[in-house]
Amino acid sequence: MWRSNESGFTVVELALVMVIVAMVVGVFSQMLISANQSASISKAKVEISRNMHNSMDAIETDVRQASRFKVSSYDGEDTFATDKNFSGATPREWRYRSNPYSSSAITDPEKNSLILLQYATNMGRGADSREIVYLRTPKFDCGANKTQQPKYKKIVIYFLKNGELHRRTIYNDLVDFSSYPPAPYSGSAAGYFCMNSLDADKFKDRAMKLREDSILATGVSEFKINYYDGKTLISKNSDAPDSDKKALDGADNVEITLTIQSPSKQVSDSQTLMIRKINNL
């Protein structure tokens, strides 16, 4: 009688092998998922850190160059800046306790705005050879003593919109104060700014056009602003949006708290910075 000596795997052995393979695959899959999560968290931390640094650096630079903290972007006194991004007969107004993009609710985390009055310069932020833009007026020509010469002004606004920290620059309207009542200036740019015709036209085009915001950070959950006179907190920080226009005149320090989180909400960072206003222009 012929007998076969060939042997094979039993069902139990095959099942055991499949279980072992599944366990190995599961372990490696979990390791891969953990590695991907760690990489994502590390990337989010780097991104948040970069956005935090860029935001605070920009705010600090602008605060130090500011001549005043503003309650309003348009107060009819020293600021005649109209935000041309808003259309309509009555352009919406920026307030330090509200912004046109937020609701009026007191609990709205996006309601605060940092409004800084600065002197306009002939070149953009960060340029080394910036010079203040002086105005030509009936009383002062461009050869006048620059300690008395009027300076052209602008405001820089930091605000939140849909969790994004924006920086917007708005230049003063060109107002002819030689007429009564003051009316929009309709002459040539060289007749308004102390520059040659070509440079004056270029500057006017930059100042008068619609401004595009710089978005410094996304995922911002808190943008808190406190104003100080020395070490004393200015109590009118909590006043209604129609606060006195001079409420912040005594402020020489501002405390900024910024909180940024990742889209997944797994990573967040918060930083508070006290900045002293030192106008060096």
# chains A, B, ... in the order shown; residues from 1 in each chain; ligands from 1

call {"tool": "select_by_dssp", "arguments": {"residues": "range 111-235 of chain A", "states": "helix (DSSP H, G or I)", "output": "ChimeraX atom specification"}}
result
/A:189-191,197-208,235

call {"tool": "select_by_dssp", "arguments": {"residues": "range 90-262 of chain A", "states": "strand (DSSP E)", "output": "JSON, numbers by chain"}}
result
{"A": [113, 114, 115, 116, 117, 118, 119, 153, 154, 155, 156, 157, 158, 159, 160, 161, 164, 165, 166, 167, 168, 169, 170, 171, 175, 176, 183, 184, 214, 215, 216, 217, 220, 221, 222, 223, 224, 225, 226, 227, 228, 229, 232, 233, 253, 254, 255, 256, 257, 258, 259, 260, 261]}

call {"tool": "write_last_selection", "arguments": {"atoms": "C-alpha atoms", "output": "short mmCIF file (atom, residue, chain, number, x, y, z; two decimals), in the first residue's frame"}}
result
data_model
loop_
_atom_site.label_atom_id
_atom_site.label_comp_id
_atom_site.auth_asym_id
_atom_site.auth_seq_id
_atom_site.Cartn_x
_atom_site.Cartn_y
_atom_site.Cartn_z
CA SER A 113 -9.54 97.20 18.07
CA LEU A 114 -6.08 98.69 18.57
CA ILE A 115 -6.12 102.08 16.82
CA LEU A 116 -2.78 103.87 16.51
CA LEU A 117 -2.18 107.37 15.18
CA GLN A 118 1.09 107.66 13.27
CA TYR A 119 2.80 110.15 11.01
CA LYS A 153 -1.21 111.40 9.41
CA LYS A 154 -2.48 107.86 9.15
CA ILE A 155 -3.93 105.29 11.48
CA VAL A 156 -2.92 101.65 11.85
CA ILE A 157 -5.63 99.29 13.11
CA TYR A 158 -5.27 95.79 14.52
CA PHE A 159 -8.50 93.83 14.74
CA LEU A 160 -9.97 90.33 14.57
CA LYS A 161 -12.17 89.07 11.78
CA GLU A 164 -7.81 86.22 11.87
CA LEU A 165 -5.61 89.01 13.21
CA HIS A 166 -5.61 91.80 10.62
CA ARG A 167 -3.43 94.89 10.26
CA ARG A 168 -4.95 97.73 8.24
CA THR A 169 -3.52 101.13 7.34
CA ILE A 170 -5.85 104.07 6.64
CA TYR A 171 -4.55 107.47 5.57
CA VAL A 175 -8.84 118.03 3.25
CA ASP A 176 -8.37 121.60 2.05
CA ALA A 183 -13.60 120.56 1.68
CA PRO A 184 -11.88 117.65 -0.08
CA SER A 214 -2.10 92.06 6.24
CA ILE A 215 -3.26 88.86 7.96
CA LEU A 216 -0.71 88.15 10.68
CA ALA A 217 -2.27 85.10 12.33
CA VAL A 220 -6.85 83.68 17.13
CA SER A 221 -9.25 83.10 20.02
CA GLU A 222 -8.27 86.14 22.12
CA PHE A 223 -7.04 89.64 21.36
CA LYS A 224 -7.20 91.61 24.59
CA ILE A 225 -6.02 95.21 24.94
CA ASN A 226 -5.45 97.16 28.16
CA TYR A 227 -4.17 100.73 28.26
CA TYR A 228 -1.96 102.11 31.04
CA ASP A 229 -0.78 105.50 32.22
CA THR A 232 -2.03 102.61 36.32
CA LEU A 233 -4.73 100.85 34.31
CA ASN A 253 1.70 101.78 27.65
CA VAL A 254 -0.49 99.09 26.16
CA GLU A 255 -0.81 95.48 27.29
CA ILE A 256 -1.58 93.03 24.52
CA THR A 257 -2.74 89.46 25.17
CA LEU A 258 -2.86 87.19 22.16
CA THR A 259 -4.03 83.56 22.13
CA ILE A 260 -3.65 81.38 19.04
CA GLN A 261 -4.79 77.79 18.60
#

call {"tool": "atom_distance", "arguments": {"atom1": "CA of Phe193 in chain A", "atom2": "CA of Ala66 in chain A"}}
result
20.9 Å

call {"tool": "residues_around", "arguments": {"residues": "His53 in chain A", "least_positions_apart": "3", "cutoff": "12 Å", "atoms": "only C-alpha atoms", "output": "list in words"}}
result
Val46, Glu47, Ile48, Ser49, Arg50, Met56, Asp57, Ala58, Ile59, Glu60, Leu216, Ala217, Leu258, Thr259, Ile260, Asp269, Ser270, Gln271, Thr272 and Leu273 of chain A

call {"tool": "write_last_selection", "arguments": {"atoms": "N, CA and C atoms", "output": "PDB file, in the first residue's frame"}}
result
ATOM      1  N   VAL A  46       5.162  74.989  15.729  1.00  0.00           N
ATOM      2  CA  VAL A  46       6.060  75.877  14.986  1.00  0.00           C
ATOM      3  C   VAL A  46       5.268  76.987  14.304  1.00  0.00           C
ATOM      4  N   GLU A  47       4.131  76.631  13.695  1.00  0.00           N
ATOM      5  CA  GLU A  47       3.301  77.609  12.997  1.00  0.00           C
ATOM      6  C   GLU A  47       2.736  78.647  13.968  1.00  0.00           C
ATOM      7  N   ILE A  48       2.245  78.183  15.115  1.00  0.00           N
ATOM      8  CA  ILE A  48       1.704  79.102  16.116  1.00  0.00           C
ATOM      9  C   ILE A  48       2.799  80.016  16.652  1.00  0.00           C
ATOM     10  N   SER A  49       3.964  79.445  16.907  1.00  0.00           N
ATOM     11  CA  SER A  49       5.081  80.247  17.414  1.00  0.00           C
ATOM     12  C   SER A  49       5.492  81.320  16.411  1.00  0.00           C
ATOM     13  N   ARG A  50       5.544  80.957  15.131  1.00  0.00           N
ATOM     14  CA  ARG A  50       5.908  81.928  14.098  1.00  0.00           C
ATOM     15  C   ARG A  50       4.861  83.036  13.989  1.00  0.00           C
ATOM     16  N   MET A  56       3.272  89.855  17.365  1.00  0.00           N
ATOM     17  CA  MET A  56       3.747  90.705  18.450  1.00  0.00           C
ATOM     18  C   MET A  56       4.841  91.654  17.981  1.00  0.00           C
ATOM     19  N   ASP A  57       5.683  91.202  17.069  1.00  0.00           N
ATOM     20  CA  ASP A  57       6.737  92.065  16.542  1.00  0.00           C
ATOM     21  C   ASP A  57       6.140  93.235  15.766  1.00  0.00           C
ATOM     22  N   ALA A  58       5.122  92.959  14.952  1.00  0.00           N
ATOM     23  CA  ALA A  58       4.468  94.026  14.183  1.00  0.00           C
ATOM     24  C   ALA A  58       3.775  95.014  15.111  1.00  0.00           C
ATOM     25  N   ILE A  59       3.048  94.496  16.101  1.00  0.00           N
ATOM     26  CA  ILE A  59       2.335  95.369  17.041  1.00  0.00           C
ATOM     27  C   ILE A  59       3.323  96.231  17.818  1.00  0.00           C
ATOM     28  N   GLU A  60       4.405  95.617  18.290  1.00  0.00           N
ATOM     29  CA  GLU A  60       5.389  96.367  19.074  1.00  0.00           C
ATOM     30  C   GLU A  60       6.002  97.491  18.237  1.00  0.00           C
ATOM     31  N   LEU A 216      -1.907  88.554   9.941  1.00  0.00           N
ATOM     32  CA  LEU A 216      -0.715  88.151  10.676  1.00  0.00           C
ATOM     33  C   LEU A 216      -0.854  86.787  11.325  1.00  0.00           C
ATOM     34  N   ALA A 217      -2.075  86.382  11.653  1.00  0.00           N
ATOM     35  CA  ALA A 217      -2.271  85.099  12.331  1.00  0.00           C
ATOM     36  C   ALA A 217      -3.699  84.618  12.117  1.00  0.00           C
ATOM     37  N   LEU A 258      -2.510  87.867  23.402  1.00  0.00           N
ATOM     38  CA  LEU A 258      -2.863  87.190  22.157  1.00  0.00           C
ATOM     39  C   LEU A 258      -2.845  85.681  22.391  1.00  0.00           C
ATOM     40  N   THR A 259      -3.942  85.015  22.018  1.00  0.00           N
ATOM     41  CA  THR A 259      -4.034  83.558  22.129  1.00  0.00           C
ATOM     42  C   THR A 259      -4.333  82.979  20.754  1.00  0.00           C
ATOM     43  N   ILE A 260      -3.511  82.018  20.346  1.00  0.00           N
ATOM     44  CA  ILE A 260      -3.652  81.377  19.038  1.00  0.00           C
ATOM     45  C   ILE A 260      -3.757  79.878  19.244  1.00  0.00           C
ATOM     46  N   ASP A 269      -1.353  78.563  22.234  1.00  0.00           N
ATOM     47  CA  ASP A 269      -0.322  79.315  22.952  1.00  0.00           C
ATOM     48  C   ASP A 269      -0.870  80.704  23.218  1.00  0.00           C
ATOM     49  N   SER A 270      -0.493  81.263  24.345  1.00  0.00           N
ATOM     50  CA  SER A 270      -0.945  82.597  24.728  1.00  0.00           C
ATOM     51  C   SER A 270       0.257  83.405  25.197  1.00  0.00           C
ATOM     52  N   GLN A 271       0.267  84.675  24.836  1.00  0.00           N
ATOM     53  CA  GLN A 271       1.378  85.544  25.218  1.00  0.00           C
ATOM     54  C   GLN A 271       0.836  86.916  25.563  1.00  0.00           C
ATOM     55  N   THR A 272       1.382  87.501  26.603  1.00  0.00           N
ATOM     56  CA  THR A 272       1.021  88.859  27.012  1.00  0.00           C
ATOM     57  C   THR A 272       2.273  89.720  26.959  1.00  0.00           C
ATOM     58  N   LEU A 273       2.142  90.875  26.306  1.00  0.00           N
ATOM     59  CA  LEU A 273       3.290  91.765  26.112  1.00  0.00           C
ATOM     60  C   LEU A 273       2.892  93.189  26.482  1.00  0.00           C
TER      61      LEU A 273
END

call {"tool": "atom_distance", "arguments": {"atom1": "CA of Val27 in chain A", "atom2": "CA of Gln266 in chain A"}}
result
23.9 Å

call {"tool": "atom_distance", "arguments": {"atom1": "CA of Asn99 in chain A", "atom2": "CA of Arg68 in chain A"}}
result
18.5 Å

call {"tool": "residues_around", "arguments": {"residues": "range 132-141 of chain A", "least_positions_apart": "4", "cutoff": "12 Å", "atoms": "only C-alpha atoms", "output": "PyMOL selection string"}}
result
chain A and resi 65+118-124+145-154+171-172+174-179+185+187-196+199-200+203-204+207+280-281

call {"tool": "residues_around", "arguments": {"residues": "range 35-44 of chain A", "least_positions_apart": "4", "cutoff": "7 Å", "atoms": "only C-alpha atoms", "output": "ChimeraX atom specification"}}
result
/A:31,48,262,267

call {"tool": "residues_around", "arguments": {"residues": "Arg64 in chain A", "least_positions_apart": "4", "cutoff": "6 Å", "atoms": "only C-alpha atoms", "output": "number ranges by chain"}}
result
A: 277-279

call {"tool": "write_last_selection", "arguments": {"atoms": "C-alpha atoms", "output": "mmCIF file, in the first residue's frame"}}
result
data_model
loop_
_atom_site.group_PDB
_atom_site.id
_atom_site.type_symbol
_atom_site.label_atom_id
_atom_site.label_comp_id
_atom_site.auth_asym_id
_atom_site.auth_seq_id
_atom_site.Cartn_x
_atom_site.Cartn_y
_atom_site.Cartn_z
ATOM 1 C CA LYS A 277 4.840 104.050 23.247
ATOM 2 C CA ILE A 278 8.072 105.755 22.145
ATOM 3 C CA ASN A 279 7.535 107.849 19.035
#

call {"tool": "closest_residue", "arguments": {"among": "A:Glu77, A:Gly250, A:Asp244, A:Tyr96", "to": "Asn112 in chain A", "atoms": "only C-alpha atoms"}}
result
A:Tyr96
